[in-house]
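Presented below is the structure to which this report refers.
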Protein chains: 2
Amino acid sequence: MLWALLIEYDGAGFHGWQRQDGLTTVQSVLEDALARLHGGVPHAVTVAGRTDAGVHAAGQVAMADLPDRLDARHVRDALNFHMKPHKVAIVQAVPAPPGWNPRFAAIRRTYVYHILNRRARPALALGRVWHVPAPLDLAAMREGAACLLGRHDFTSFRAAACQAKSPVKTLDVLDVARHGDQLAIRAEARSFLHHQVRNMVGTLRLVGDGSWPPARVAAALAARSRAAAGPTAPPDGLCLMRVDYPIALFDQDRP
Amino acid sequence: MLWALLIEYDGAGFHGWQRQDGLTTVQSVLEDALARLHGGVPHAVTVAGRTDAGVHAAGQVAMADLPDRLDARHVRDALNFHMKPHKVAIVQAVPAPPGWNPRFAAIRRTYVYHILNRRARPALALGRVWHVPAPLDLAAMREGAACLLGRHDFTSFRAAACQAKSPVKTLDVLDVARHGDQLAIRAEARSFLHHQVRNMVGTLRLVGDGSWPPARVAAALAARSRAAAGPTAPPDGLCLMRVDYPIALFDQDRP
């Protein structure tokens, strides 16, 4: 029987989502737990977003095949038991809708990127933020972010390794908010290119610290060249908050 | 010259605030950094709240004597440099007002206690929350919390080791809020007894999971006996958010 899983993990404990030989990844830990429940027979999972090494998730979504005898509570608890002591948790498990695929059925992905914007290094938020000591101008960053909204060719913000067929994506939300000395940058789209959020954040940082005028973001986008945009922001600050489907699968708050 | 310091730390990295032989404490790390700036001469710090092992701080306040040649920025940066790689940061430094004492001049201390209330263990919030799998009834916990507001003899919520002269304290705020699967319990008072917040939280948890009717909190308070109240909640969920003085010293948001 196929299940939809809502998954939380601390990216610091894993070499990203995707299975790699000899490395601890979220997929390998989850698939090892699945195999235990299938008497040692390997079972592959499919996932909504293959997060990079160091990127966190509060609302990753995957699909897994589990023995028919288990109910939702047992699926969640048994997988959590077998994934100990890794910093990953199945928060909810619900039966997968017929024909559902967590990646292709997704209509919206929400990421939040956190920047700690103060001189002193992070103590409590260590590993969860990008530490930017130089003061960042929120209004300028918002002006720069507005240039990226809508349907565009995002080649300038795409990793060389990106496997997407088209560089055209529609960015629905790119919001910058300040809470004390933390900045939260929220990005929402049906899907993103590889490194797109981190490349947009690395570019907005240049606007925030005054290195770039906000309008240069539009020029970087129009250039359709990775070299025209800013550097890739580190993974620590990024968290996949939620993935939405045409019908709500899980009981979740809006981030 | 005397300075007021706003300090953040991850309690997991320390055996509490107070200096103890052979153990890493926040006080010892800070005083070792101070001694470096005084050419090796030891200098003691005074503090607003001596937090226990494992308890975090986002807004601890201390007073330290520093060489006259340093300005506020240098005080902060030099102490942060010498406290590396410990998970503690001086967020701000300001000149101490004449005759000021961080402990006795405080008019309000604000603590927040976080509970993760779901079946799945914490992944992202590990070490920052008390994991309580049983569903907690918010309304019942609020009713129980209301019994503790005001001026009372808090003997029932006082640690055996508490050194306060009187068990009488005035509790101004004890608020319970839910954000998704997290509960935040905020406690505000001029001062607290040793373990008072953790003992109140451990008691409210009994109300939340239905073990106690809310009115039993009032009976526990009236009993003036530690045995009448609930167990001590673990330190991981507790954070000293801020300390207030008659005149605001730091540029801080309200928690």
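As shown in the structure tokens, the chain order sets the letters A, B, ...; within each chain, residues go from 1, and ligands are also counted from 1 in the order they appear.
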
_Could you work out which residues of chain B fall inside 6 Å of chain A? Count only C-alpha atoms, and format the result as a ChimeraX atom specification._
/B:9-10,87-89,91,120,123-124,180,253

*Where in range 56-242 of chain A does DSSP assign alpha helix (DSSP H), given as a ChimeraX atom specification?*
/A:72-83,138-146,196-208,216-223

*Atomic distance CA of Glu31 in chain A - CA of Asp65 in chain A, expressed in Å with one decimal*: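 Going from CA of Glu31 in chain A over to CA of Asp65 in chain A covers 10.2 Å.
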
_All residues 7 Å or closer to Met63 in chain A, only C-alpha atoms, same chain fewer than 6 positions away omitted, as an MDAnalysis selection string_ = chainID A and resid 2:5 45:47 102

_Need the shell around Leu30 in chain B: protein/DNA/RNA residues with any atom at most 8 Å away, counting only C-alpha atoms. Skip same-chain ones fewer than 3 positions apart. Format as a PyMOL selection string?_
chain B and resi 26-27+33-34+79+83

*Do you know which residues are at most 7 Å from Thr203 in chain B counting only C-alpha atoms, after dropping those on the same chain fewer than 5 positions away, and could you put them as number ranges by chain?*
B: 229-231

Could you tell me, as a short mmCIF file (atom, residue, chain, number, x, y, z; two decimals) with all heavy atoms, in the first residue's frame, which residues of range 5-236 of chain B DSSP assigns to strand (DSSP E or B) when given the backbone?
data_model
loop_
_atom_site.label_atom_id
_atom_site.label_comp_id
_atom_site.auth_asym_id
_atom_site.auth_seq_id
_atom_site.Cartn_x
_atom_site.Cartn_y
_atom_site.Cartn_z
N LEU B 5 26.33 43.80 29.12
CA LEU B 5 26.45 42.91 27.96
C LEU B 5 25.14 42.14 27.75
O LEU B 5 24.58 41.59 28.70
CB LEU B 5 27.57 41.88 28.18
CG LEU B 5 28.94 42.45 28.56
CD1 LEU B 5 29.90 41.30 28.91
CD2 LEU B 5 29.51 43.30 27.44
N LEU B 6 24.66 42.13 26.50
CA LEU B 6 23.49 41.32 26.12
C LEU B 6 24.04 40.04 25.50
O LEU B 6 24.78 40.09 24.51
CB LEU B 6 22.63 42.09 25.12
CG LEU B 6 21.37 41.37 24.61
CD1 LEU B 6 20.37 41.17 25.74
CD2 LEU B 6 20.73 42.17 23.47
N ILE B 7 23.68 38.89 26.07
CA ILE B 7 24.35 37.63 25.74
C ILE B 7 23.36 36.57 25.28
O ILE B 7 22.30 36.39 25.88
CB ILE B 7 25.14 37.09 26.96
CG1 ILE B 7 26.02 38.20 27.54
CG2 ILE B 7 25.98 35.88 26.59
CD1 ILE B 7 26.72 37.81 28.83
N GLU B 8 23.75 35.85 24.22
CA GLU B 8 22.96 34.72 23.69
C GLU B 8 23.80 33.46 23.83
O GLU B 8 25.01 33.49 23.56
CB GLU B 8 22.69 35.01 22.21
CG GLU B 8 21.98 33.90 21.46
CD GLU B 8 21.90 34.20 19.95
OE1 GLU B 8 21.23 35.18 19.58
OE2 GLU B 8 22.52 33.45 19.16
N TYR B 9 23.20 32.35 24.26
CA TYR B 9 23.94 31.08 24.25
C TYR B 9 23.03 29.88 24.10
O TYR B 9 21.85 29.91 24.45
CB TYR B 9 24.85 30.92 25.48
CG TYR B 9 24.24 31.20 26.84
CD1 TYR B 9 23.55 30.21 27.54
CD2 TYR B 9 24.38 32.45 27.43
CE1 TYR B 9 23.03 30.46 28.80
CE2 TYR B 9 23.85 32.71 28.69
CZ TYR B 9 23.17 31.73 29.37
OH TYR B 9 22.65 31.98 30.60
N THR B 46 29.22 39.82 36.84
CA THR B 46 27.97 39.57 37.57
C THR B 46 26.88 39.40 36.52
O THR B 46 26.99 39.92 35.41
CB THR B 46 27.62 40.73 38.52
OG1 THR B 46 27.65 41.95 37.78
CG2 THR B 46 28.63 40.82 39.66
N VAL B 47 25.82 38.68 36.87
CA VAL B 47 24.83 38.28 35.87
C VAL B 47 23.41 38.47 36.40
O VAL B 47 23.18 38.44 37.60
CB VAL B 47 25.08 36.81 35.45
CG1 VAL B 47 24.65 35.85 36.56
CG2 VAL B 47 24.37 36.48 34.14
N HIS B 56 18.82 27.64 27.73
CA HIS B 56 19.32 28.57 26.72
C HIS B 56 19.06 30.02 27.13
O HIS B 56 18.25 30.30 28.00
CB HIS B 56 18.61 28.31 25.40
CG HIS B 56 18.57 26.87 25.03
ND1 HIS B 56 19.69 26.16 24.67
CD2 HIS B 56 17.54 25.98 24.99
CE1 HIS B 56 19.35 24.91 24.42
NE2 HIS B 56 18.05 24.77 24.61
N ALA B 57 19.75 30.94 26.44
CA ALA B 57 19.47 32.36 26.64
C ALA B 57 19.55 33.09 25.30
O ALA B 57 20.48 32.90 24.53
CB ALA B 57 20.46 32.98 27.62
N ALA B 58 18.52 33.91 25.04
CA ALA B 58 18.56 34.81 23.89
C ALA B 58 18.83 36.23 24.38
O ALA B 58 19.24 37.08 23.61
CB ALA B 58 17.23 34.77 23.14
N GLY B 59 18.60 36.48 25.70
CA GLY B 59 18.74 37.83 26.23
C GLY B 59 19.25 37.86 27.66
O GLY B 59 18.71 38.58 28.50
N GLN B 60 20.29 37.08 27.94
CA GLN B 60 20.93 37.14 29.26
C GLN B 60 21.65 38.49 29.38
O GLN B 60 22.07 39.06 28.35
CB GLN B 60 21.95 35.99 29.38
CG GLN B 60 22.78 35.96 30.63
CD GLN B 60 21.99 35.65 31.89
OE1 GLN B 60 21.30 36.53 32.44
NE2 GLN B 60 22.06 34.41 32.36
N VAL B 61 21.80 39.00 30.59
CA VAL B 61 22.48 40.29 30.80
C VAL B 61 23.54 40.13 31.88
O VAL B 61 23.28 39.54 32.94
CB VAL B 61 21.49 41.41 31.18
CG1 VAL B 61 22.22 42.73 31.43
CG2 VAL B 61 20.44 41.59 30.08
N ALA B 62 24.75 40.64 31.60
CA ALA B 62 25.83 40.58 32.58
C ALA B 62 26.58 41.90 32.58
O ALA B 62 26.42 42.73 31.68
CB ALA B 62 26.78 39.43 32.26
N MET B 63 27.38 42.09 33.64
CA MET B 63 28.22 43.29 33.75
C MET B 63 29.67 42.85 33.85
O MET B 63 29.99 41.91 34.58
CB MET B 63 27.84 44.12 34.96
CG MET B 63 28.66 45.41 35.07
SD MET B 63 28.07 46.51 36.40
CE MET B 63 28.61 45.59 37.84
N ALA B 64 30.54 43.54 33.09
CA ALA B 64 31.96 43.19 33.08
C ALA B 64 32.81 44.46 33.01
O ALA B 64 32.41 45.46 32.41
CB ALA B 64 32.28 42.29 31.89
N ASP B 65 33.97 44.38 33.62
CA ASP B 65 34.94 45.48 33.62
C ASP B 65 35.89 45.27 32.45
O ASP B 65 36.46 44.18 32.31
CB ASP B 65 35.70 45.44 34.95
CG ASP B 65 36.59 46.66 35.14
OD1 ASP B 65 36.48 47.62 34.34
OD2 ASP B 65 37.39 46.64 36.09
N VAL B 88 28.28 30.82 22.25
CA VAL B 88 27.85 31.97 23.04
C VAL B 88 28.28 33.21 22.27
O VAL B 88 29.32 33.21 21.61
CB VAL B 88 28.48 31.93 24.45
CG1 VAL B 88 29.98 31.70 24.40
CG2 VAL B 88 28.15 33.20 25.25
N ALA B 89 27.44 34.26 22.32
CA ALA B 89 27.75 35.49 21.59
C ALA B 89 27.32 36.70 22.40
O ALA B 89 26.23 36.70 23.00
CB ALA B 89 27.05 35.49 20.23
N ILE B 90 28.20 37.72 22.45
CA ILE B 90 27.82 39.02 22.97
C ILE B 90 27.10 39.73 21.82
O ILE B 90 27.70 40.03 20.80
CB ILE B 90 29.05 39.86 23.39
CG1 ILE B 90 29.95 39.09 24.36
CG2 ILE B 90 28.62 41.21 23.95
CD1 ILE B 90 29.34 38.77 25.69
N VAL B 91 25.80 39.95 21.99
CA VAL B 91 25.01 40.54 20.91
C VAL B 91 25.16 42.07 20.92
O VAL B 91 25.27 42.69 19.88
CB VAL B 91 23.52 40.13 21.05
CG1 VAL B 91 22.67 40.77 19.95
CG2 VAL B 91 23.40 38.61 20.99
N GLN B 92 25.15 42.65 22.11
CA GLN B 92 25.37 44.10 22.24
C GLN B 92 26.16 44.37 23.52
O GLN B 92 26.08 43.62 24.49
CB GLN B 92 24.03 44.86 22.34
CG GLN B 92 23.18 44.86 21.08
CD GLN B 92 21.81 45.50 21.31
OE1 GLN B 92 21.70 46.58 21.87
NE2 GLN B 92 20.77 44.80 20.88
N ALA B 93 26.90 45.49 23.51
CA ALA B 93 27.59 45.98 24.71
C ALA B 93 27.30 47.47 24.82
O ALA B 93 27.41 48.19 23.84
CB ALA B 93 29.10 45.75 24.59
N VAL B 94 26.89 47.90 26.02
CA VAL B 94 26.65 49.34 26.25
C VAL B 94 27.28 49.70 27.60
O VAL B 94 27.38 48.85 28.49
CB VAL B 94 25.14 49.69 26.27
CG1 VAL B 94 24.49 49.37 24.92
CG2 VAL B 94 24.42 48.99 27.39
N PRO B 95 27.71 50.95 27.76
CA PRO B 95 28.28 51.36 29.06
C PRO B 95 27.27 51.13 30.18
O PRO B 95 26.08 51.44 30.03
CB PRO B 95 28.57 52.86 28.87
CG PRO B 95 28.70 53.04 27.39
CD PRO B 95 27.73 52.06 26.78
N ARG B 108 12.19 42.95 35.52
CA ARG B 108 11.40 41.89 34.90
C ARG B 108 12.30 40.91 34.17
O ARG B 108 13.22 41.31 33.46
CB ARG B 108 10.40 42.51 33.91
CG ARG B 108 9.53 41.47 33.22
CD ARG B 108 8.36 42.10 32.49
NE ARG B 108 7.46 42.73 33.43
CZ ARG B 108 6.12 42.59 33.39
NH1 ARG B 108 5.56 41.86 32.45
NH2 ARG B 108 5.36 43.19 34.27
N ARG B 109 12.00 39.64 34.36
CA ARG B 109 12.67 38.58 33.61
C ARG B 109 11.61 37.84 32.79
O ARG B 109 10.55 37.52 33.31
CB ARG B 109 13.38 37.62 34.56
CG ARG B 109 14.62 38.22 35.23
CD ARG B 109 15.06 37.44 36.43
NE ARG B 109 16.35 37.87 36.94
CZ ARG B 109 16.54 38.85 37.83
NH1 ARG B 109 15.51 39.52 38.32
NH2 ARG B 109 17.76 39.17 38.23
N THR B 110 11.92 37.59 31.52
CA THR B 110 10.98 36.90 30.63
C THR B 110 11.60 35.58 30.16
O THR B 110 12.67 35.58 29.54
CB THR B 110 10.63 37.77 29.40
OG1 THR B 110 10.08 39.00 29.85
CG2 THR B 110 9.64 37.06 28.50
N TYR B 111 10.94 34.49 30.50
CA TYR B 111 11.35 33.17 30.02
C TYR B 111 10.28 32.63 29.08
O TYR B 111 9.09 32.89 29.27
CB TYR B 111 11.47 32.19 31.20
CG TYR B 111 12.69 32.36 32.07
CD1 TYR B 111 12.66 33.19 33.19
CD2 TYR B 111 13.86 31.66 31.79
CE1 TYR B 111 13.78 33.33 34.00
CE2 TYR B 111 14.98 31.79 32.60
CZ TYR B 111 14.94 32.63 33.70
OH TYR B 111 16.05 32.76 34.50
N VAL B 112 10.72 31.85 28.07
CA VAL B 112 9.76 31.11 27.25
C VAL B 112 10.16 29.63 27.30
O VAL B 112 11.36 29.29 27.16
CB VAL B 112 9.71 31.61 25.80
CG1 VAL B 112 8.86 30.70 24.93
CG2 VAL B 112 9.16 33.04 25.75
N TYR B 113 9.16 28.77 27.52
CA TYR B 113 9.39 27.33 27.54
C TYR B 113 8.66 26.71 26.35
O TYR B 113 7.45 26.91 26.18
CB TYR B 113 8.87 26.71 28.86
CG TYR B 113 9.41 25.31 29.04
CD1 TYR B 113 10.47 25.07 29.90
CD2 TYR B 113 8.89 24.24 28.32
CE1 TYR B 113 11.02 23.80 30.04
CE2 TYR B 113 9.43 22.97 28.44
CZ TYR B 113 10.49 22.76 29.31
OH TYR B 113 11.02 21.50 29.44
N HIS B 114 9.39 25.94 25.52
CA HIS B 114 8.81 25.33 24.32
C HIS B 114 8.58 23.83 24.50
O HIS B 114 9.49 23.11 24.93
CB HIS B 114 9.70 25.55 23.11
CG HIS B 114 9.69 26.96 22.61
ND1 HIS B 114 8.64 27.47 21.87
CD2 HIS B 114 10.57 27.98 22.76
CE1 HIS B 114 8.88 28.74 21.59
NE2 HIS B 114 10.04 29.07 22.11
N ILE B 115 7.37 23.40 24.16
CA ILE B 115 7.02 21.98 24.17
C ILE B 115 6.68 21.57 22.73
O ILE B 115 5.91 22.26 22.06
CB ILE B 115 5.79 21.72 25.07
CG1 ILE B 115 6.14 22.00 26.54
CG2 ILE B 115 5.26 20.29 24.89
CD1 ILE B 115 4.95 21.88 27.50
N LEU B 116 7.27 20.48 22.26
CA LEU B 116 6.85 19.92 20.96
C LEU B 116 5.80 18.85 21.26
O LEU B 116 6.10 17.83 21.89
CB LEU B 116 8.03 19.31 20.20
CG LEU B 116 7.68 18.78 18.81
CD1 LEU B 116 7.27 19.90 17.87
CD2 LEU B 116 8.84 17.98 18.21
N TRP B 130 10.82 20.42 24.88
CA TRP B 130 10.48 19.22 25.62
C TRP B 130 9.49 18.46 24.74
O TRP B 130 8.46 19.02 24.33
CB TRP B 130 9.84 19.61 26.94
CG TRP B 130 9.46 18.45 27.82
CD1 TRP B 130 9.91 17.16 27.76
CD2 TRP B 130 8.54 18.49 28.93
NE1 TRP B 130 9.33 16.40 28.75
CE2 TRP B 130 8.50 17.19 29.49
CE3 TRP B 130 7.77 19.51 29.51
CZ2 TRP B 130 7.70 16.88 30.60
CZ3 TRP B 130 6.98 19.20 30.61
CH2 TRP B 130 6.95 17.90 31.14
N HIS B 131 9.83 17.22 24.41
CA HIS B 131 8.96 16.42 23.55
C HIS B 131 7.90 15.72 24.40
O HIS B 131 8.21 14.83 25.19
CB HIS B 131 9.80 15.38 22.79
CG HIS B 131 8.98 14.52 21.88
ND1 HIS B 131 9.29 13.21 21.60
CD2 HIS B 131 7.84 14.78 21.19
CE1 HIS B 131 8.38 12.71 20.79
NE2 HIS B 131 7.51 13.64 20.52
N GLY B 150 -0.01 36.34 40.06
CA GLY B 150 -0.09 37.20 41.25
C GLY B 150 0.96 36.87 42.29
O GLY B 150 1.90 36.11 42.02
N ARG B 151 0.80 37.46 43.49
CA ARG B 151 1.79 37.33 44.56
C ARG B 151 1.43 36.13 45.44
O ARG B 151 0.33 36.08 46.02
CB ARG B 151 1.77 38.62 45.38
CG ARG B 151 2.80 38.68 46.49
CD ARG B 151 2.71 40.05 47.18
NE ARG B 151 3.30 40.02 48.50
CZ ARG B 151 4.59 40.25 48.75
NH1 ARG B 151 5.41 40.53 47.76
NH2 ARG B 151 5.03 40.19 50.00
N HIS B 152 2.35 35.16 45.50
CA HIS B 152 2.10 33.94 46.27
C HIS B 152 3.39 33.43 46.92
O HIS B 152 4.49 33.79 46.50
CB HIS B 152 1.59 32.81 45.35
CG HIS B 152 0.36 33.13 44.58
ND1 HIS B 152 -0.89 33.20 45.15
CD2 HIS B 152 0.19 33.38 43.25
CE1 HIS B 152 -1.78 33.49 44.21
NE2 HIS B 152 -1.15 33.61 43.05
N ASP B 153 3.20 32.55 47.88
CA ASP B 153 4.30 31.73 48.41
C ASP B 153 4.45 30.54 47.46
O ASP B 153 3.58 29.67 47.40
CB ASP B 153 3.93 31.25 49.82
CG ASP B 153 5.01 30.37 50.42
OD1 ASP B 153 5.75 29.69 49.66
OD2 ASP B 153 5.11 30.33 51.67
N VAL B 168 8.24 34.00 48.51
CA VAL B 168 7.14 34.80 47.99
C VAL B 168 7.61 35.57 46.74
O VAL B 168 8.61 36.28 46.79
CB VAL B 168 6.62 35.79 49.07
CG1 VAL B 168 5.53 36.69 48.47
CG2 VAL B 168 6.08 35.02 50.27
N LYS B 169 6.89 35.36 45.66
CA LYS B 169 7.21 36.02 44.38
C LYS B 169 5.91 36.49 43.74
O LYS B 169 4.83 35.96 44.06
CB LYS B 169 7.91 35.03 43.43
CG LYS B 169 9.27 34.56 43.89
CD LYS B 169 10.32 35.64 43.75
CE LYS B 169 11.66 35.23 44.34
NZ LYS B 169 12.60 36.38 44.43
N THR B 170 6.03 37.44 42.84
CA THR B 170 4.86 37.92 42.10
C THR B 170 5.00 37.52 40.64
O THR B 170 5.91 37.98 39.95
CB THR B 170 4.72 39.46 42.21
OG1 THR B 170 4.61 39.79 43.60
CG2 THR B 170 3.47 39.94 41.47
N LEU B 171 4.10 36.64 40.19
CA LEU B 171 4.12 36.16 38.81
C LEU B 171 3.18 37.05 37.99
O LEU B 171 1.97 37.07 38.23
CB LEU B 171 3.67 34.70 38.77
CG LEU B 171 3.68 34.01 37.40
CD1 LEU B 171 5.09 33.93 36.83
CD2 LEU B 171 3.08 32.59 37.54
N ASP B 172 3.74 37.79 37.01
CA ASP B 172 2.95 38.75 36.24
C ASP B 172 2.31 38.14 35.00
O ASP B 172 1.22 38.56 34.61
CB ASP B 172 3.85 39.92 35.82
CG ASP B 172 4.40 40.67 37.01
OD1 ASP B 172 3.59 41.02 37.90
OD2 ASP B 172 5.62 40.88 37.09
N VAL B 173 3.00 37.21 34.36
CA VAL B 173 2.49 36.60 33.13
C VAL B 173 2.79 35.10 33.16
O VAL B 173 3.91 34.70 33.54
CB VAL B 173 3.17 37.21 31.87
CG1 VAL B 173 2.80 36.44 30.61
CG2 VAL B 173 2.82 38.69 31.72
N LEU B 174 1.80 34.29 32.83
CA LEU B 174 2.04 32.86 32.58
C LEU B 174 1.08 32.47 31.45
O LEU B 174 -0.06 32.07 31.68
CB LEU B 174 1.82 32.01 33.83
CG LEU B 174 2.26 30.54 33.69
CD1 LEU B 174 3.74 30.43 33.37
CD2 LEU B 174 1.95 29.76 34.97
N ASP B 175 1.56 32.65 30.23
CA ASP B 175 0.72 32.54 29.05
C ASP B 175 1.06 31.25 28.30
O ASP B 175 2.23 30.91 28.14
CB ASP B 175 0.97 33.75 28.14
CG ASP B 175 0.14 33.71 26.89
OD1 ASP B 175 -1.10 33.63 27.01
OD2 ASP B 175 0.72 33.72 25.79
N VAL B 176 0.04 30.55 27.84
CA VAL B 176 0.26 29.32 27.07
C VAL B 176 -0.32 29.52 25.67
O VAL B 176 -1.51 29.83 25.54
CB VAL B 176 -0.42 28.10 27.74
CG1 VAL B 176 0.03 26.80 27.06
CG2 VAL B 176 -0.13 28.05 29.23
N ALA B 177 0.50 29.38 24.64
CA ALA B 177 0.04 29.57 23.25
C ALA B 177 0.44 28.36 22.42
O ALA B 177 1.44 27.69 22.71
CB ALA B 177 0.65 30.84 22.66
N ARG B 178 -0.34 28.06 21.39
CA ARG B 178 -0.01 26.97 20.48
C ARG B 178 0.29 27.52 19.09
O ARG B 178 -0.43 28.36 18.59
CB ARG B 178 -1.18 25.98 20.39
CG ARG B 178 -0.91 24.79 19.46
CD ARG B 178 -2.11 23.87 19.33
NE ARG B 178 -2.28 23.01 20.48
CZ ARG B 178 -1.60 21.87 20.66
NH1 ARG B 178 -0.70 21.48 19.80
NH2 ARG B 178 -1.82 21.12 21.72
N HIS B 179 1.40 27.08 18.50
CA HIS B 179 1.73 27.41 17.11
C HIS B 179 1.98 26.09 16.41
O HIS B 179 3.06 25.51 16.55
CB HIS B 179 2.99 28.27 17.02
CG HIS B 179 2.98 29.46 17.96
ND1 HIS B 179 2.30 30.62 17.68
CD2 HIS B 179 3.53 29.64 19.18
CE1 HIS B 179 2.45 31.48 18.67
NE2 HIS B 179 3.20 30.91 19.60
N GLN B 182 3.76 23.13 18.27
CA GLN B 182 4.56 23.64 19.38
C GLN B 182 3.72 24.45 20.35
O GLN B 182 2.88 25.26 19.94
CB GLN B 182 5.70 24.53 18.86
CG GLN B 182 6.82 23.74 18.22
CD GLN B 182 8.21 24.32 18.53
OE1 GLN B 182 8.39 25.12 19.46
NE2 GLN B 182 9.19 23.89 17.77
N LEU B 183 3.98 24.25 21.65
CA LEU B 183 3.40 25.09 22.69
C LEU B 183 4.49 26.00 23.23
O LEU B 183 5.62 25.55 23.47
CB LEU B 183 2.87 24.23 23.86
CG LEU B 183 1.37 23.95 23.86
CD1 LEU B 183 0.99 23.12 22.65
CD2 LEU B 183 0.97 23.22 25.13
N ALA B 184 4.16 27.28 23.41
CA ALA B 184 5.09 28.23 24.01
C ALA B 184 4.48 28.74 25.31
O ALA B 184 3.37 29.28 25.30
CB ALA B 184 5.37 29.38 23.06
N ILE B 185 5.18 28.51 26.42
CA ILE B 185 4.70 28.98 27.72
C ILE B 185 5.60 30.13 28.15
O ILE B 185 6.80 29.96 28.34
CB ILE B 185 4.76 27.84 28.76
CG1 ILE B 185 3.91 26.66 28.26
CG2 ILE B 185 4.29 28.33 30.13
CD1 ILE B 185 3.99 25.43 29.14
N ARG B 186 5.00 31.33 28.24
CA ARG B 186 5.78 32.52 28.56
C ARG B 186 5.54 32.91 30.02
O ARG B 186 4.39 33.00 30.46
CB ARG B 186 5.36 33.68 27.65
CG ARG B 186 6.32 34.85 27.68
CD ARG B 186 6.15 35.69 26.42
NE ARG B 186 4.80 36.20 26.32
CZ ARG B 186 4.44 37.44 26.62
NH1 ARG B 186 5.34 38.31 27.00
NH2 ARG B 186 3.20 37.81 26.51
N ALA B 187 6.62 33.12 30.75
CA ALA B 187 6.54 33.47 32.17
C ALA B 187 7.30 34.77 32.40
O ALA B 187 8.44 34.90 31.96
CB ALA B 187 7.13 32.35 33.03
N GLU B 188 6.64 35.73 33.06
CA GLU B 188 7.29 37.01 33.36
C GLU B 188 7.10 37.35 34.83
O GLU B 188 5.99 37.23 35.37
CB GLU B 188 6.70 38.14 32.52
CG GLU B 188 6.92 37.98 31.02
CD GLU B 188 6.46 39.19 30.21
OE1 GLU B 188 6.25 40.27 30.82
OE2 GLU B 188 6.30 39.04 28.99
N ALA B 189 8.19 37.78 35.48
CA ALA B 189 8.16 38.20 36.89
C ALA B 189 9.40 39.05 37.14
O ALA B 189 10.35 38.99 36.37
CB ALA B 189 8.14 36.99 37.82
#
